[in-house]
Amino acid sequence: MDTHAHDRRRFLALTAGAAATPLLAACGAGFGGGDDKGGGSAADDVTGSFDWKREKGRTVKALLNKHPYTDALIADLKSFTAKTGIKVEYDVFPEDNYFDKLTVDLSSGRASYDVFMLGAYMVWQYGPPGWLEDLGPWMRNSSATGAEWDQSDFFPNLLQADQWSLKDGAPLGRGGQYALPWGWETNVVAYNTEVFTKLGLKPAESFDELREIAGVIKRKAPGAGYDGMYGIAVRGSRSWATIHPGFMTMYARNGLHDFTVDGGKLRPAMNTPEAVAFTRDWAGMVKQGGPPSWTSYSWYQCSSDLGAKKAGMLFDADTAAYFQAVKGASPASGKIAFHPGPKGPDGSLATNMWIWSLGMNAKSKKKSASWLFLQWATGKEHLRRAAVTGNHIDPVRKSVSQDAAYKDKMRHLPGFIETFETVVDRTRIQFTPQAQFFDATTSWAAALQEIYGGKNAKSVLNGLASDLASKVS
């Protein structure tokens with residue numbers, strides 16, 4: 001379930017407060033703590049043949065967000081303990097305070113938790129202060145990592161999304177591996193097949209078509225027996241999470257960027273003429289075909305409206321539609337299909353994503369046992385079970401995505417597998433990595449609301465770019 005959409009103002013405040021403390025001067029050598037010796041990786045201490053039982057009798061502490069992926073993990077923990085002799089203690093918190101809890105614990109240096117869930121974007125916050133263990137040395141050490149883990153089985157774009165050099169503006173896929181992809185979401189269009197059939201509509205292949213169809217549904221659906229139905233559900237609350245699903249996906253498909261890097265400095269690019277035109281059109285689409293209370297819309301309202309037959313389309317995480325589409329889940333279940341969404345002018349299907357990842361505390365004193373846990377939790381065996389018997393909807397591993405039992409489970413959802421396979425290799429984080437990400441995108445969402453409210457798009461976006469230019473490096 002796409003539960004990462006809550007407003008993160010407290011998270012931002014906590015992170016900003018932590019950044020002001022002297023603790024952060026400890027990043028780099030000396031912050032490794034735990035098993036580290038002489039500033040090197042604790043992975044170097046693991047020698048000999050690989051052995052799942054090498055840390056038998058240890059206990060690892062995990063901090064987890066309440067989520068279907070977490071449910072599948074907890075249900076399978078007995079398999080991990082049987083395999084390794086390691087016990088896992090865990091705390092689970094709802095997302096409205098999960099990141100507060102994680103940020104406070106990491107910034108304190110107490111290492112109350114050895115391993116934890118984080119989004120890939122959080123690497124940009126937690127990595128530079130030295131709070132995250134670089135997992136690269138563990139992955140490269142055949143004494144620490146069994147051959148069955150099979151790094152090449154991960155979709156490479158997902159693995160690269162958690163790899164960064166810790167330098168603002170630097171591309172992903174280089175530097176340390178600060179987390180491992182565990183479960184992810186691609187952003188596509190889901191639509192009500194019943195209303196599409198009644199109105200003679202087909203899924204949009206261009207942004208212009210999407211805007212037109214949204215308006216047609218809002219105008220004509222009530223007369224076709226869908227009282228109160230509007231055209232398209234997209235997020236609109238004043239939160240960073242409004243920008244990253246449908247909006248950023250379509251923005252990227254139009255060849256647009258949030259920032260450019262010039263002489264090592266970040267330059268806001270959301271006020272270029274092309275970006276202004278797109279943003280004006282997006283706000284116009286919502287005005288013409290979206291919900292009346294759009295500025296309060298998070299993932300929850302978007303998903304719920306698709307399921308309640310209030311929205312004819314949803315442009316958001318595929319999981320947001322999945323949990324409405326499964327049999328008996330909502331009034332619209334059995335009537336929801338999936339589509340990659342509109343292409344860009346040049347045919348682009350560039351797609352933004354969210355990745356729930358697993359990381360290790362750089363201060364953990366149980367790194368060897370923690371790595372065995374991370375290796376198991378992201379391994380083929382557990383992830384296949386989680387996908388087939390749980391709700392790991394988008395597999396991070398190629399083998400699981402091609403597994404016959406997984407495909408059989410998903411086949412009853414029209415277009416889901418075809419859509420996934422169409423966009424999986426074109427899906428990546430479309431944002432420029434930088435520590436001000438959450439602040440910048442929250443401000444961007446506020447600007448989008450102002451444009452929706454009738455303010456001049458060029459003026460609003462010029463103001464946003466000017467404000468962000470003074471904040472980013």
# chains A, B, ... in the order shown; residues from 1 in each chain; ligands from 1
>>> closest_atom_pairs(of="stretch 286-368 of chain A", to="stretch 394-415 of chain A", cutoff="7 Å", atoms="only C-alpha atoms", output="tab-separated table")
residue	atom	partner	partner_atom	distance
A:Ala337	CA	A:Pro414	CA	4.8
A:Phe338	CA	A:Gly415	CA	4.7
A:His339	CA	A:Gly415	CA	6.2
>>> write_last_selection(atoms="N, CA, C and O atoms", output="mmCIF file, in the first residue's frame")
data_model
loop_
_atom_site.group_PDB
_atom_site.id
_atom_site.type_symbol
_atom_site.label_atom_id
_atom_site.label_comp_id
_atom_site.auth_asym_id
_atom_site.auth_seq_id
_atom_site.Cartn_x
_atom_site.Cartn_y
_atom_site.Cartn_z
ATOM 1 N N ALA A 337 -8.631 -1.669 -14.515
ATOM 2 C CA ALA A 337 -7.551 -2.145 -15.380
ATOM 3 C C ALA A 337 -6.369 -1.193 -15.280
ATOM 4 O O ALA A 337 -6.502 -0.051 -14.835
ATOM 5 N N PHE A 338 -5.207 -1.673 -15.716
ATOM 6 C CA PHE A 338 -3.955 -0.920 -15.598
ATOM 7 C C PHE A 338 -3.406 -0.593 -16.982
ATOM 8 O O PHE A 338 -3.556 -1.380 -17.925
ATOM 9 N N HIS A 339 -2.742 0.565 -17.060
ATOM 10 C CA HIS A 339 -2.176 1.050 -18.327
ATOM 11 C C HIS A 339 -0.919 1.851 -18.008
ATOM 12 O O HIS A 339 -0.880 2.547 -16.977
#
>>> select_by_dssp(residues="stretch 114-327 of chain A", states="strand (DSSP E)", output="compact mmCIF listing (two decimals) with C-alpha atoms, in the first residue's frame")
# COMPACT_ATOMS: atom_id res chain seq x y z
CA VAL A 115 18.16 -2.46 10.76
CA PHE A 116 15.20 -0.44 9.53
CA MET A 117 12.92 0.46 6.66
CA LEU A 118 13.52 3.65 4.73
CA GLY A 119 12.50 5.13 1.42
CA GLN A 163 23.48 3.87 -4.39
CA TRP A 164 24.88 7.40 -4.13
CA GLY A 176 28.11 3.56 -1.58
CA GLN A 177 25.16 1.18 -1.42
CA LEU A 180 18.74 -2.43 -0.48
CA PRO A 181 15.51 -2.35 -2.51
CA TRP A 182 12.84 -4.44 -0.83
CA GLY A 183 9.48 -3.46 -2.29
CA TRP A 184 8.64 -0.71 -4.75
CA GLU A 185 5.90 1.06 -6.66
CA THR A 186 5.80 2.32 -10.18
CA ASN A 187 3.40 5.15 -11.11
CA VAL A 188 0.90 4.34 -13.84
CA VAL A 189 -2.74 4.86 -14.78
CA ALA A 190 -5.54 2.65 -13.49
CA TYR A 191 -9.04 3.14 -14.86
CA ASN A 192 -12.63 1.99 -14.43
CA TYR A 230 -15.02 12.82 -11.73
CA GLY A 231 -12.29 12.15 -14.27
CA ILE A 232 -8.93 11.63 -12.64
CA ALA A 233 -7.56 11.20 -9.12
CA PHE A 259 17.15 20.82 -11.11
CA THR A 260 20.14 21.04 -13.38
CA VAL A 261 23.74 20.97 -12.22
CA ASP A 262 25.91 23.85 -13.40
CA LYS A 265 25.83 23.89 -8.22
CA LEU A 266 22.16 22.98 -8.33
CA ARG A 267 19.92 25.25 -10.38
CA PRO A 268 16.12 24.98 -10.07
CA ALA A 311 -12.85 8.54 -9.88
CA GLY A 312 -12.78 7.26 -13.43
CA MET A 313 -8.96 7.16 -13.47
CA LEU A 314 -6.07 7.17 -11.04
CA PHE A 315 -2.54 8.31 -11.94
CA ASP A 316 -0.52 7.14 -8.97
CA ALA A 317 1.29 4.13 -7.53
>>> residues_around(residues="A:Glu212", least_positions_apart="5", cutoff="9 Å", atoms="only C-alpha atoms", output="PyMOL selection string")
chain A and resi 204+207+217+285+288-289
>>> closest_residue(among="A:Ile451, A:Lys218, A:Phe437, A:Lys380", to="A:Ser152", atoms="only C-alpha atoms")
A:Lys380
>>> closest_residue(among="A:Ile355, A:Ala283, A:Leu448, A:Val276", to="A:Ala161", atoms="only C-alpha atoms")
A:Ile355
>>> select_by_dssp(residues="stretch 73-298 of chain A", states="helix (DSSP H, G or I)", output="JSON, numbers by chain")
{"A": [73, 74, 75, 76, 77, 78, 79, 80, 81, 82, 83, 84, 95, 96, 97, 98, 99, 100, 101, 102, 103, 104, 105, 106, 107, 108, 120, 121, 122, 123, 124, 125, 126, 136, 137, 138, 139, 140, 147, 148, 149, 151, 152, 153, 156, 157, 158, 159, 160, 161, 193, 194, 195, 196, 197, 198, 199, 207, 208, 209, 210, 211, 212, 213, 214, 215, 216, 217, 218, 219, 220, 222, 223, 224, 240, 241, 242, 243, 246, 247, 248, 249, 250, 251, 252, 253, 273, 274, 275, 276, 277, 278, 279, 280, 281, 282, 283, 284, 285, 286, 287, 288, 289, 294, 295, 296]}
>>> write_last_selection(atoms="C-alpha atoms", output="compact mmCIF listing (two decimals), in the first residue's frame")
# COMPACT_ATOMS: atom_id res chain seq x y z
CA LEU A 73 8.17 -10.18 6.70
CA ILE A 74 6.91 -10.77 10.22
CA ALA A 75 4.90 -13.79 9.09
CA ASP A 76 8.09 -15.35 7.70
CA LEU A 77 10.58 -14.48 10.48
CA LYS A 78 10.50 -18.02 11.85
CA SER A 79 12.12 -19.12 8.57
CA PHE A 80 14.98 -16.68 9.15
CA THR A 81 15.54 -17.82 12.72
CA ALA A 82 15.49 -21.47 11.65
CA LYS A 83 18.03 -20.73 8.92
CA THR A 84 20.43 -18.65 11.02
CA GLU A 95 3.87 6.03 9.11
CA ASP A 96 2.56 9.25 10.61
CA ASN A 97 5.29 8.93 13.25
CA TYR A 98 7.58 6.21 11.86
CA PHE A 99 10.13 8.54 10.28
CA ASP A 100 10.11 10.77 13.34
CA LYS A 101 11.10 7.75 15.41
CA LEU A 102 13.78 6.65 12.95
CA THR A 103 15.27 10.13 12.53
CA VAL A 104 15.54 10.70 16.28
CA ASP A 105 17.15 7.32 16.85
CA LEU A 106 19.69 7.66 14.04
CA SER A 107 20.64 11.22 14.96
CA SER A 108 21.13 10.25 18.61
CA ALA A 120 15.21 5.58 -1.20
CA TYR A 121 14.76 9.38 -0.96
CA MET A 122 15.71 9.17 2.73
CA VAL A 123 19.22 8.09 1.75
CA TRP A 124 19.68 11.74 0.72
CA GLN A 125 18.88 12.78 4.30
CA TYR A 126 20.45 9.96 6.29
CA GLY A 136 28.76 -2.41 -0.75
CA PRO A 137 31.65 -4.10 1.11
CA TRP A 138 29.24 -6.69 2.51
CA MET A 139 27.82 -7.40 -0.93
CA ARG A 140 31.30 -7.83 -2.43
CA ALA A 147 26.12 -16.95 -3.91
CA GLU A 148 22.38 -17.66 -3.73
CA TRP A 149 21.71 -14.00 -2.93
CA GLN A 151 22.92 -9.54 -6.92
CA SER A 152 22.37 -9.76 -10.70
CA ASP A 153 18.77 -10.89 -10.07
CA PRO A 156 19.51 -2.88 -11.78
CA ASN A 157 17.64 0.44 -11.75
CA LEU A 158 16.24 -0.44 -8.31
CA LEU A 159 19.61 -1.36 -6.83
CA GLN A 160 21.12 1.83 -8.27
CA ALA A 161 18.40 3.96 -6.67
CA THR A 193 -13.29 -0.32 -17.39
CA GLU A 194 -17.06 -0.11 -16.98
CA VAL A 195 -17.30 3.67 -17.38
CA PHE A 196 -14.72 3.61 -20.18
CA THR A 197 -16.87 1.11 -22.08
CA LYS A 198 -20.09 3.06 -21.49
CA LEU A 199 -18.52 6.32 -22.68
CA PHE A 207 -1.03 13.97 -22.05
CA ASP A 208 -3.47 15.97 -24.17
CA GLU A 209 -5.67 12.89 -24.44
CA LEU A 210 -5.46 12.32 -20.68
CA ARG A 211 -6.65 15.85 -19.98
CA GLU A 212 -9.47 15.49 -22.50
CA ILE A 213 -10.64 12.12 -21.13
CA ALA A 214 -10.60 13.44 -17.56
CA GLY A 215 -12.91 16.25 -18.60
CA VAL A 216 -15.20 13.96 -20.59
CA ILE A 217 -15.67 11.62 -17.63
CA LYS A 218 -16.45 14.45 -15.24
CA ARG A 219 -19.02 15.88 -17.66
CA LYS A 220 -20.64 12.68 -18.91
CA PRO A 222 -23.06 11.22 -13.99
CA GLY A 223 -25.47 11.02 -16.92
CA ALA A 224 -24.33 7.45 -17.60
CA TRP A 240 6.30 16.39 -1.12
CA ALA A 241 4.29 13.24 -1.87
CA THR A 242 2.01 15.22 -4.21
CA ILE A 243 4.90 15.77 -6.61
CA GLY A 246 1.76 11.04 -11.34
CA PHE A 247 2.99 14.62 -11.61
CA MET A 248 6.70 13.78 -11.66
CA THR A 249 6.15 10.83 -13.97
CA MET A 250 4.41 12.95 -16.59
CA TYR A 251 6.86 15.81 -16.00
CA ALA A 252 9.79 13.47 -16.73
CA ARG A 253 8.05 12.01 -19.78
CA PRO A 273 9.06 27.85 -20.27
CA GLU A 274 8.37 24.18 -20.96
CA ALA A 275 8.00 23.37 -17.26
CA VAL A 276 5.67 26.35 -16.75
CA ALA A 277 3.47 25.22 -19.65
CA PHE A 278 3.30 21.64 -18.38
CA THR A 279 2.50 22.68 -14.81
CA ARG A 280 -0.23 25.02 -16.01
CA ASP A 281 -1.72 22.18 -18.07
CA TRP A 282 -1.54 19.72 -15.16
CA ALA A 283 -3.36 22.15 -12.85
CA GLY A 284 -5.87 22.75 -15.65
CA MET A 285 -6.49 19.02 -15.99
CA VAL A 286 -7.25 18.77 -12.28
CA LYS A 287 -9.51 21.82 -12.45
CA GLN A 288 -11.38 20.39 -15.43
CA GLY A 289 -11.48 16.72 -14.49
CA TRP A 294 -8.22 18.29 -4.61
CA THR A 295 -5.93 20.36 -2.37
CA SER A 296 -6.54 17.92 0.49
>>> closest_atom_pairs(of="stretch 421-473 of chain A", to="stretch 254-258 of chain A", cutoff="12 Å", atoms="only C-alpha atoms", output="Markdown table")
| residue | atom | partner | partner_atom | distance |
| --- | --- | --- | --- | --- |
| A:Ile429 | CA | A:His257 | CA | 11.6 |
| A:Gln430 | CA | A:His257 | CA | 7.9 |
| A:Phe431 | CA | A:Asp258 | CA | 6.3 |
| A:Thr432 | CA | A:Asp258 | CA | 6.8 |
| A:Pro433 | CA | A:Asp258 | CA | 10.2 |
| A:Gln434 | CA | A:Asp258 | CA | 11.1 |
| A:Phe437 | CA | A:Asp258 | CA | 10.2 |
| A:Ala440 | CA | A:Asp258 | CA | 9.5 |
| A:Thr441 | CA | A:Asp258 | CA | 9.2 |
| A:Trp444 | CA | A:Asp258 | CA | 9.7 |
| A:Leu461 | CA | A:Asp258 | CA | 11.5 |
| A:Leu464 | CA | A:Asp258 | CA | 11.4 |
| A:Ala465 | CA | A:Asp258 | CA | 9.7 |
| A:Leu468 | CA | A:Asp258 | CA | 10.8 |
| A:Ala469 | CA | A:Asp258 | CA | 11.7 |
>>> atom_distance(atom1="atom CA of A:Ser206", atom2="atom CA of A:Gly344")
6.6 Å
>>> closest_residue(among="A:Ala42, A:Ile417, A:Val60, A:Ala170", to="A:Gly264", atoms="only C-alpha atoms")
A:Ala170
>>> atom_distance(atom1="atom CA of A:Gly341", atom2="atom CA of A:Ala387")
24.2 Å
>>> atom_distance(atom1="atom CA of A:Pro203", atom2="atom CA of A:Ala457")
28.0 Å
>>> closest_residue(among="A:Met353, A:Ala369, A:Val472, A:Ala445", to="A:Gly236", atoms="only C-alpha atoms")
A:Ala445
>>> closest_residue(among="A:Glu418, A:Asp91, A:Asp162, A:Asp467", to="A:Ser443", atoms="only C-alpha atoms")
A:Asp467
>>> closest_residue(among="A:Asn352, A:Ala72, A:Phe373, A:Lys310", to="A:Lys87", atoms="only C-alpha atoms")
A:Phe373
